[in-house]
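Structure data follow from model-v9.pdb (PDB, C-alpha atoms and all ligand atoms):
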ATOM      1  CA  MET A   1    -112.461 -17.302 -83.085  1.00  0.00           C
ATOM      2  CA  THR A   2    -112.864 -13.944 -81.410  1.00  0.00           C
ATOM      3  CA  THR A   3    -111.169 -10.989 -83.036  1.00  0.00           C
ATOM      4  CA  ALA A   4    -107.908 -10.037 -81.409  1.00  0.00           C
ATOM      5  CA  ARG A   5    -107.959  -6.584 -79.864  1.00  0.00           C
ATOM      6  CA  VAL A   6    -104.563  -4.997 -80.192  1.00  0.00           C
ATOM      7  CA  GLY A   7    -103.172  -1.546 -79.573  1.00  0.00           C
ATOM      8  CA  VAL A   8    -100.916   0.694 -81.578  1.00  0.00           C
ATOM      9  CA  LEU A   9     -98.863   3.017 -79.380  1.00  0.00           C
ATOM     10  CA  ALA A  10    -100.104   6.344 -80.746  1.00  0.00           C
ATOM     11  CA  LEU A  11     -97.846   8.946 -79.145  1.00  0.00           C
ATOM     12  CA  GLN A  12     -95.800   9.753 -82.263  1.00  0.00           C
ATOM     13  CA  GLY A  13     -94.666   8.105 -85.488  1.00  0.00           C
ATOM     14  CA  ASP A  14     -96.253   6.087 -88.286  1.00  0.00           C
ATOM     15  CA  VAL A  15     -99.278   5.071 -86.266  1.00  0.00           C
ATOM     16  CA  ARG A  16    -101.787   5.190 -89.121  1.00  0.00           C
ATOM     17  CA  GLU A  17     -99.875   2.665 -91.254  1.00  0.00           C
ATOM     18  CA  HIS A  18     -99.773   0.107 -88.423  1.00  0.00           C
ATOM     19  CA  VAL A  19    -103.460   0.609 -87.707  1.00  0.00           C
ATOM     20  CA  ALA A  20    -104.334   0.128 -91.392  1.00  0.00           C
ATOM     21  CA  LEU A  21    -102.277  -3.042 -91.777  1.00  0.00           C
ATOM     22  CA  LEU A  22    -103.579  -4.617 -88.567  1.00  0.00           C
ATOM     23  CA  GLU A  23    -107.177  -3.774 -89.484  1.00  0.00           C
ATOM     24  CA  HIS A  24    -106.579  -5.230 -92.943  1.00  0.00           C
ATOM     25  CA  LEU A  25    -105.520  -8.457 -91.196  1.00  0.00           C
ATOM     26  CA  GLY A  26    -108.815  -8.481 -89.285  1.00  0.00           C
ATOM     27  CA  ALA A  27    -107.736  -7.122 -85.910  1.00  0.00           C
ATOM     28  CA  ASP A  28    -109.765  -4.799 -83.717  1.00  0.00           C
ATOM     29  CA  VAL A  29    -107.314  -1.910 -83.221  1.00  0.00           C
ATOM     30  CA  VAL A  30    -107.167   0.639 -80.406  1.00  0.00           C
ATOM     31  CA  ARG A  31    -104.903   3.702 -80.582  1.00  0.00           C
ATOM     32  CA  VAL A  32    -103.117   3.750 -77.229  1.00  0.00           C
ATOM     33  CA  ARG A  33    -102.270   7.116 -75.690  1.00  0.00           C
ATOM     34  CA  ARG A  34    -103.422   6.590 -72.125  1.00  0.00           C
ATOM     35  CA  PRO A  35    -103.211   3.749 -69.578  1.00  0.00           C
ATOM     36  CA  GLU A  36    -107.011   3.246 -69.845  1.00  0.00           C
ATOM     37  CA  GLU A  37    -106.623   2.451 -73.543  1.00  0.00           C
ATOM     38  CA  PHE A  38    -103.654   0.189 -72.943  1.00  0.00           C
ATOM     39  CA  ALA A  39    -105.703  -1.761 -70.406  1.00  0.00           C
ATOM     40  CA  GLN A  40    -108.118  -2.788 -73.194  1.00  0.00           C
ATOM     41  CA  VAL A  41    -105.599  -4.547 -75.441  1.00  0.00           C
ATOM     42  CA  ASP A  42    -103.964  -7.975 -75.616  1.00  0.00           C
ATOM     43  CA  GLY A  43    -100.966  -6.925 -77.691  1.00  0.00           C
ATOM     44  CA  LEU A  44     -99.158  -3.729 -78.674  1.00  0.00           C
ATOM     45  CA  ALA A  45     -97.481  -2.528 -81.870  1.00  0.00           C
ATOM     46  CA  LEU A  46     -94.837   0.163 -81.389  1.00  0.00           C
ATOM     47  CA  PRO A  47     -94.425   2.289 -84.512  1.00  0.00           C
ATOM     48  CA  GLY A  48     -91.428   3.840 -86.155  1.00  0.00           C
ATOM     49  CA  GLY A  49     -90.817   7.498 -85.471  1.00  0.00           C
ATOM     50  CA  GLU A  50     -88.470   9.059 -82.993  1.00  0.00           C
ATOM     51  CA  SER A  51     -87.615   6.943 -79.971  1.00  0.00           C
ATOM     52  CA  THR A  52     -86.535   9.916 -77.836  1.00  0.00           C
ATOM     53  CA  VAL A  53     -89.990  11.476 -78.261  1.00  0.00           C
ATOM     54  CA  ILE A  54     -91.844   8.206 -77.735  1.00  0.00           C
ATOM     55  CA  ASP A  55     -89.792   7.676 -74.571  1.00  0.00           C
ATOM     56  CA  LYS A  56     -90.594  11.125 -73.158  1.00  0.00           C
ATOM     57  CA  LEU A  57     -94.281  11.038 -74.015  1.00  0.00           C
ATOM     58  CA  SER A  58     -94.789   7.508 -72.707  1.00  0.00           C
ATOM     59  CA  ARG A  59     -93.395   8.579 -69.342  1.00  0.00           C
ATOM     60  CA  GLN A  60     -95.461  11.785 -69.313  1.00  0.00           C
ATOM     61  CA  PHE A  61     -98.647   9.907 -70.193  1.00  0.00           C
ATOM     62  CA  GLY A  62     -98.066   7.261 -67.511  1.00  0.00           C
ATOM     63  CA  LEU A  63     -97.684   4.471 -70.065  1.00  0.00           C
ATOM     64  CA  ALA A  64     -94.058   3.471 -69.566  1.00  0.00           C
ATOM     65  CA  GLU A  65     -94.552   1.469 -66.357  1.00  0.00           C
ATOM     66  CA  PRO A  66     -97.721  -0.353 -67.495  1.00  0.00           C
ATOM     67  CA  ILE A  67     -95.950  -1.280 -70.742  1.00  0.00           C
ATOM     68  CA  ARG A  68     -92.918  -2.598 -68.845  1.00  0.00           C
ATOM     69  CA  ALA A  69     -95.192  -4.631 -66.589  1.00  0.00           C
ATOM     70  CA  ALA A  70     -97.019  -6.078 -69.624  1.00  0.00           C
ATOM     71  CA  ILE A  71     -93.692  -7.056 -71.218  1.00  0.00           C
ATOM     72  CA  ARG A  72     -92.712  -8.898 -68.025  1.00  0.00           C
ATOM     73  CA  ASP A  73     -96.103 -10.592 -68.114  1.00  0.00           C
ATOM     74  CA  GLY A  74     -95.536 -11.867 -71.685  1.00  0.00           C
ATOM     75  CA  MET A  75     -97.819  -9.591 -73.700  1.00  0.00           C
ATOM     76  CA  PRO A  76     -97.046  -9.911 -77.430  1.00  0.00           C
ATOM     77  CA  MET A  77     -95.468  -6.773 -78.880  1.00  0.00           C
ATOM     78  CA  LEU A  78     -94.138  -5.806 -82.290  1.00  0.00           C
ATOM     79  CA  GLY A  79     -91.708  -2.892 -82.572  1.00  0.00           C
ATOM     80  CA  THR A  80     -90.567  -1.408 -85.864  1.00  0.00           C
ATOM     81  CA  CYS A  81     -87.582   0.925 -86.064  1.00  0.00           C
ATOM     82  CA  ALA A  82     -88.061   3.350 -83.140  1.00  0.00           C
ATOM     83  CA  GLY A  83     -90.295   0.575 -81.745  1.00  0.00           C
ATOM     84  CA  LEU A  84     -87.346  -1.835 -81.818  1.00  0.00           C
ATOM     85  CA  ILE A  85     -85.289   0.791 -79.974  1.00  0.00           C
ATOM     86  CA  MET A  86     -88.015   1.044 -77.321  1.00  0.00           C
ATOM     87  CA  LEU A  87     -87.993  -2.758 -76.821  1.00  0.00           C
ATOM     88  CA  SER A  88     -84.188  -3.013 -76.569  1.00  0.00           C
ATOM     89  CA  ASP A  89     -82.576  -3.600 -73.180  1.00  0.00           C
ATOM     90  CA  ARG A  90     -79.451  -1.626 -74.122  1.00  0.00           C
ATOM     91  CA  LEU A  91     -78.696   1.258 -76.534  1.00  0.00           C
ATOM     92  CA  ILE A  92     -75.723   2.814 -78.283  1.00  0.00           C
ATOM     93  CA  ASP A  93     -76.025   6.488 -79.276  1.00  0.00           C
ATOM     94  CA  ALA A  94     -78.977   7.163 -77.027  1.00  0.00           C
ATOM     95  CA  ILE A  95     -79.456  10.785 -76.007  1.00  0.00           C
ATOM     96  CA  GLU A  96     -78.752  11.743 -72.413  1.00  0.00           C
ATOM     97  CA  GLY A  97     -81.348  10.243 -70.094  1.00  0.00           C
ATOM     98  CA  GLN A  98     -83.095   8.246 -72.832  1.00  0.00           C
ATOM     99  CA  GLN A  99     -84.951   5.223 -71.500  1.00  0.00           C
ATOM    100  CA  THR A 100     -86.477   2.198 -73.168  1.00  0.00           C
ATOM    101  CA  PHE A 101     -89.187  -0.262 -72.135  1.00  0.00           C
ATOM    102  CA  GLY A 102     -86.723  -3.127 -72.704  1.00  0.00           C
ATOM    103  CA  GLY A 103     -87.554  -6.805 -72.928  1.00  0.00           C
ATOM    104  CA  LEU A 104     -85.279  -7.770 -75.824  1.00  0.00           C
ATOM    105  CA  ASP A 105     -81.863  -8.909 -74.633  1.00  0.00           C
ATOM    106  CA  VAL A 106     -80.044  -6.900 -77.294  1.00  0.00           C
ATOM    107  CA  LEU A 107     -77.693  -3.939 -77.723  1.00  0.00           C
ATOM    108  CA  THR A 108     -79.143  -1.660 -80.416  1.00  0.00           C
ATOM    109  CA  ARG A 109     -77.443   1.246 -82.168  1.00  0.00           C
ATOM    110  CA  ARG A 110     -79.681   4.167 -83.079  1.00  0.00           C
ATOM    111  CA  ASN A 111     -79.327   5.810 -86.509  1.00  0.00           C
ATOM    112  CA  ALA A 112     -76.920   3.063 -87.495  1.00  0.00           C
ATOM    113  CA  PHE A 113     -76.832   3.717 -91.218  1.00  0.00           C
ATOM    114  CA  GLY A 114     -75.482   7.278 -91.201  1.00  0.00           C
ATOM    115  CA  ARG A 115     -76.560  10.187 -93.322  1.00  0.00           C
ATOM    116  CA  GLN A 116     -75.710   9.063 -96.832  1.00  0.00           C
ATOM    117  CA  THR A 117     -77.709   5.902 -96.615  1.00  0.00           C
ATOM    118  CA  GLU A 118     -80.413   7.218 -94.348  1.00  0.00           C
ATOM    119  CA  SER A 119     -83.025   5.381 -96.376  1.00  0.00           C
ATOM    120  CA  PHE A 120     -82.707   2.298 -98.539  1.00  0.00           C
ATOM    121  CA  GLU A 121     -84.583  -0.796 -99.551  1.00  0.00           C
ATOM    122  CA  ALA A 122     -83.450  -4.431 -99.668  1.00  0.00           C
ATOM    123  CA  GLU A 123     -84.830  -7.897-100.301  1.00  0.00           C
ATOM    124  CA  LEU A 124     -84.142 -10.184 -97.333  1.00  0.00           C
ATOM    125  CA  ASP A 125     -84.617 -13.887 -96.794  1.00  0.00           C
ATOM    126  CA  ILE A 126     -86.364 -14.432 -93.493  1.00  0.00           C
ATOM    127  CA  PRO A 127     -86.926 -18.193 -93.216  1.00  0.00           C
ATOM    128  CA  VAL A 128     -89.444 -18.057 -90.333  1.00  0.00           C
ATOM    129  CA  LEU A 129     -91.779 -16.041 -92.574  1.00  0.00           C
ATOM    130  CA  GLY A 130     -91.658 -18.511 -95.461  1.00  0.00           C
ATOM    131  CA  SER A 131     -89.748 -18.762 -98.705  1.00  0.00           C
ATOM    132  CA  ASP A 132     -90.822 -15.488-100.352  1.00  0.00           C
ATOM    133  CA  PRO A 133     -88.205 -12.781 -99.741  1.00  0.00           C
ATOM    134  CA  VAL A 134     -89.195  -9.812 -97.607  1.00  0.00           C
ATOM    135  CA  HIS A 135     -89.060  -6.385 -99.190  1.00  0.00           C
ATOM    136  CA  THR A 136     -87.648  -4.049 -96.565  1.00  0.00           C
ATOM    137  CA  THR A 137     -87.576  -0.266 -96.222  1.00  0.00           C
ATOM    138  CA  PHE A 138     -85.003   1.292 -93.895  1.00  0.00           C
ATOM    139  CA  ILE A 139     -85.447   4.901 -92.723  1.00  0.00           C
ATOM    140  CA  ARG A 140     -82.752   6.130 -90.329  1.00  0.00           C
ATOM    141  CA  GLY A 141     -83.065   2.692 -88.841  1.00  0.00           C
ATOM    142  CA  PRO A 142     -81.269   1.075 -85.926  1.00  0.00           C
ATOM    143  CA  VAL A 143     -79.139  -2.065 -86.058  1.00  0.00           C
ATOM    144  CA  VAL A 144     -78.828  -4.746 -83.412  1.00  0.00           C
ATOM    145  CA  GLU A 145     -75.125  -4.924 -82.589  1.00  0.00           C
ATOM    146  CA  GLU A 146     -75.258  -7.683 -79.990  1.00  0.00           C
ATOM    147  CA  VAL A 147     -77.874 -10.372 -79.650  1.00  0.00           C
ATOM    148  CA  GLY A 148     -77.887 -11.670 -76.070  1.00  0.00           C
ATOM    149  CA  ALA A 149     -78.424 -15.267 -75.061  1.00  0.00           C
ATOM    150  CA  ASP A 150     -82.179 -14.863 -74.603  1.00  0.00           C
ATOM    151  CA  ALA A 151     -82.889 -13.332 -78.020  1.00  0.00           C
ATOM    152  CA  THR A 152     -82.889 -14.915 -81.489  1.00  0.00           C
ATOM    153  CA  THR A 153     -81.856 -13.336 -84.787  1.00  0.00           C
ATOM    154  CA  LEU A 154     -84.587 -13.479 -87.437  1.00  0.00           C
ATOM    155  CA  ALA A 155     -82.926 -11.481 -90.190  1.00  0.00           C
ATOM    156  CA  ALA A 156     -79.598  -9.930 -91.114  1.00  0.00           C
ATOM    157  CA  LEU A 157     -78.334  -7.847 -94.016  1.00  0.00           C
ATOM    158  CA  GLU A 158     -75.839  -9.366 -96.468  1.00  0.00           C
ATOM    159  CA  ASP A 159     -72.992  -7.886 -94.446  1.00  0.00           C
ATOM    160  CA  GLY A 160     -74.248  -9.677 -91.331  1.00  0.00           C
ATOM    161  CA  ARG A 161     -75.804  -6.730 -89.511  1.00  0.00           C
ATOM    162  CA  VAL A 162     -78.825  -7.931 -87.549  1.00  0.00           C
ATOM    163  CA  VAL A 163     -82.102  -6.198 -88.400  1.00  0.00           C
ATOM    164  CA  ALA A 164     -84.815  -8.412 -86.873  1.00  0.00           C
ATOM    165  CA  VAL A 165     -84.897 -10.229 -83.542  1.00  0.00           C
ATOM    166  CA  GLU A 166     -87.370 -12.139 -81.462  1.00  0.00           C
ATOM    167  CA  GLN A 167     -87.581 -13.099 -77.820  1.00  0.00           C
ATOM    168  CA  GLY A 168     -90.611 -14.880 -76.447  1.00  0.00           C
ATOM    169  CA  ASN A 169     -93.587 -12.793 -77.534  1.00  0.00           C
ATOM    170  CA  LEU A 170     -91.501  -9.748 -78.496  1.00  0.00           C
ATOM    171  CA  LEU A 171     -90.592  -9.050 -82.092  1.00  0.00           C
ATOM    172  CA  GLY A 172     -88.306  -6.149 -83.024  1.00  0.00           C
ATOM    173  CA  ILE A 173     -87.350  -5.087 -86.536  1.00  0.00           C
ATOM    174  CA  SER A 174     -85.203  -2.258 -87.909  1.00  0.00           C
ATOM    175  CA  PHE A 175     -87.290  -1.664 -91.003  1.00  0.00           C
ATOM    176  CA  HIS A 176     -90.902  -0.813 -91.848  1.00  0.00           C
ATOM    177  CA  PRO A 177     -93.143  -3.622 -93.115  1.00  0.00           C
ATOM    178  CA  GLU A 178     -96.116  -1.328 -92.480  1.00  0.00           C
ATOM    179  CA  LEU A 179     -94.802   0.970 -95.242  1.00  0.00           C
ATOM    180  CA  SER A 180     -93.999  -1.689 -97.817  1.00  0.00           C
ATOM    181  CA  GLY A 181     -97.265  -3.613 -97.451  1.00  0.00           C
ATOM    182  CA  GLU A 182     -95.483  -6.660 -95.978  1.00  0.00           C
ATOM    183  CA  PRO A 183     -98.056  -8.347 -93.716  1.00  0.00           C
ATOM    184  CA  ARG A 184     -96.186 -11.343 -92.329  1.00  0.00           C
ATOM    185  CA  PHE A 185     -94.628  -9.743 -89.247  1.00  0.00           C
ATOM    186  CA  HIS A 186     -97.955  -8.263 -88.199  1.00  0.00           C
ATOM    187  CA  GLN A 187     -99.622 -11.623 -88.829  1.00  0.00           C
ATOM    188  CA  ARG A 188     -96.993 -13.326 -86.660  1.00  0.00           C
ATOM    189  CA  PHE A 189     -97.733 -10.766 -83.933  1.00  0.00           C
ATOM    190  CA  LEU A 190    -101.501 -11.375 -84.224  1.00  0.00           C
ATOM    191  CA  ASP A 191    -100.927 -15.150 -84.107  1.00  0.00           C
ATOM    192  CA  ARG A 192     -99.064 -14.659 -80.830  1.00  0.00           C
ATOM    193  CA  VAL A 193    -101.950 -12.628 -79.450  1.00  0.00           C
ATOM    194  CA  ALA A 194    -104.465 -15.292 -80.523  1.00  0.00           C
ATOM    195  CA  ALA A 195    -102.326 -18.113 -79.091  1.00  0.00           C
ATOM    196  CA  ARG A 196    -102.272 -16.396 -75.729  1.00  0.00           C
ATOM    197  CA  GLY A 197    -106.072 -16.312 -75.761  1.00  0.00           C
TER
HETATM  198  N1  LIG B 201     -83.812   7.330 -85.657  1.00  0.00           N
HETATM  199  C1  LIG B 201     -85.059   7.069 -85.036  1.00  0.00           C
HETATM  200  C2  LIG B 201     -84.914   6.940 -83.522  1.00  0.00           C
HETATM  201  O1  LIG B 201     -83.835   6.943 -82.999  1.00  0.00           O
HETATM  202  C3  LIG B 201     -85.740   5.834 -85.575  1.00  0.00           C
HETATM  203  C4  LIG B 201     -86.094   6.017 -87.023  1.00  0.00           C
HETATM  204  C5  LIG B 201     -87.417   5.415 -87.413  1.00  0.00           C
HETATM  205  O2  LIG B 201     -88.186   4.937 -86.586  1.00  0.00           O
HETATM  206  N2  LIG B 201     -87.734   5.499 -88.692  1.00  0.00           N
HETATM  207  O3  LIG B 201     -85.903   6.837 -82.865  1.00  0.00           O
END

If you convert what's in this file into structure tokens, what do you get?
Amino acid sequence: MTTARVGVLALQGDVREHVALLEHLGADVVRVRRPEEFAQVDGLALPGGESTVIDKLSRQFGLAEPIRAAIRDGMPMLGTCAGLIMLSDRLIDAIEGQQTFGGLDVLTRRNAFGRQTESFEAELDIPVLGSDPVHTTFIRGPVVEEVGADATTLAALEDGRVVAVEQGNLLGISFHPELSGEPRFHQRFLDRVAARG
């Protein structure tokens, strides 16, 4: 099997952690800042960070339209936290003029957990990843408030709030598996890239 070549959107955020985890899983990883770099990859991971900054920089660097076109074309993508925000079709508590790439038929609330619980950890059962619980780290994370007909819920908190969704080759999660050493989402993403050939 040839090694999958995937990109990590490297405009802002926890780029290094995604690169390290994907390389650990055997992928050939390109840091994507320019359209020429994006053109070399068969999948894209969108890191956590600050979605308003990632939005602005992706437009300035001429990446927003190529990424939207790739989403329409079915390119596998994995978004964590701000990355989930960038893949959401609709936002609550966006700043004025904030845009997303879209692709996930969901309504996502930014900074959903408020100040007091800005960061927390939880063990979640996520059946599609197997029987071992997933250790999750939330950092000023978003929550998916409405899952549209085209998207599927992968994981929810005990109180029912949705924190991981999937639609076709797009995977969006509120938390940070790249920080807790949880490889199964990234592996699922790489499997999608490999399956697409
Ligand atoms: N609050 C951030 C945003 O709106 C996301 C936080 C994160 O990615 N850790 O982009």

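Closest approach to Glu65 (chain A) among A:Val144, A:Gln99, A:Ala45, A:Ala112: A:Gln99, based on all atoms listed in the file.
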
### Task
Would you kindly identify which residues have an atom no farther than 12 Å from (-105.0, -3.4, -67.6), using all atoms listed in the file and the file's own coordinates, and write them out as a ChimeraX atom specification?
/A:34-43,63,65-67,69-70,73,75

### Message
Could you list, as a list of chain:residue names, every residue within 9 Å of Ser51 (chain A), counting only C-alpha atoms and ignoring same-chain residues fewer than 4 positions away?
### Response
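Once the adjacent positions are removed, what remains is A:Gln12, A:Asp55, A:Lys56, A:Cys81, A:Ala82, A:Gly83, A:Leu84, A:Ile85, A:Met86, A:Gln98, A:Thr100, A:Arg110.
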
#### Entry: Given all atoms listed in the file as the counted atoms, nearest of A:Leu11, A:His18, A:Val32, A:Pro47 to ligand LIG 201 (chain B)
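Closest candidate: A:Pro47.
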
### Task
Scan for residues within 9 Å of the point (-83.3, -1.3, -75.3) in the coordinates of the file, using all atoms listed in the file, and reply as a VMD selection string.
chain A and resid 84 to 91 99 to 108

### Task
Translate the PyMOL selection byres (((not hetatm)) within 8 of (chain B and resi 201)), as applied to the file shown, into an explicit residue set as a list of chain:residue names.
A:Gly13, A:Pro47, A:Gly48, A:Gly49, A:Glu50, A:Ser51, A:Thr52, A:Val53, A:Ile54, A:Thr80, A:Cys81, A:Ala82, A:Gly83, A:Ile85, A:Ala94, A:Arg110, A:Asn111, A:Phe138, A:Ile139, A:Arg140, A:Gly141, A:Pro142, A:Ser174, A:Phe175, A:His176

### Query
What gap, in Å, lies between CA of Val29 (chain A) and CA of Val193 (chain A)?
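Interatomic distance, CA of Val29 (chain A) to CA of Val193 (chain A): 12.6 Å.
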
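Every protein or nucleic acid residue with an atom no more than 10 Å from Leu157 (chain A), counting all atoms listed in the file and leaving out same-chain residues fewer than 2 positions away, appears here: A:Ala122, A:Glu123, A:Leu124, A:Asp125, A:Val143, A:Ala155, A:Asp159, A:Gly160, A:Arg161, A:Val162, A:Val163, A:Ala164.
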
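Once the PyMOL selection byres (((chain A and resi 4) around 7) and not hetatm) is applied to the shown structure, the selection contains Thr2, Thr3, Arg5, Val6, Ala27, Asp28, Val193 and Ala194 of chain A.
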
### Nearest candidate to Asp191 (chain A) (options A:Ile95, A:Gly26, A:Glu121, A:Pro127; using all atoms listed in the file)
A:Gly26

### Message
Just checking: using all atoms listed in the file, which residue out of A:Glu118, A:Ile92, A:Pro76, A:Gln167 ends up closest to Arg196 (chain A)?
### Response
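Of A:Glu118, A:Ile92, A:Pro76, A:Gln167, the one nearest Arg196 (chain A) is A:Pro76, counting all atoms listed in the file.
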
### Query
What is the CA of Thr153 (chain A) to CA of Gly172 (chain A) distance in Å?
9.8 Å
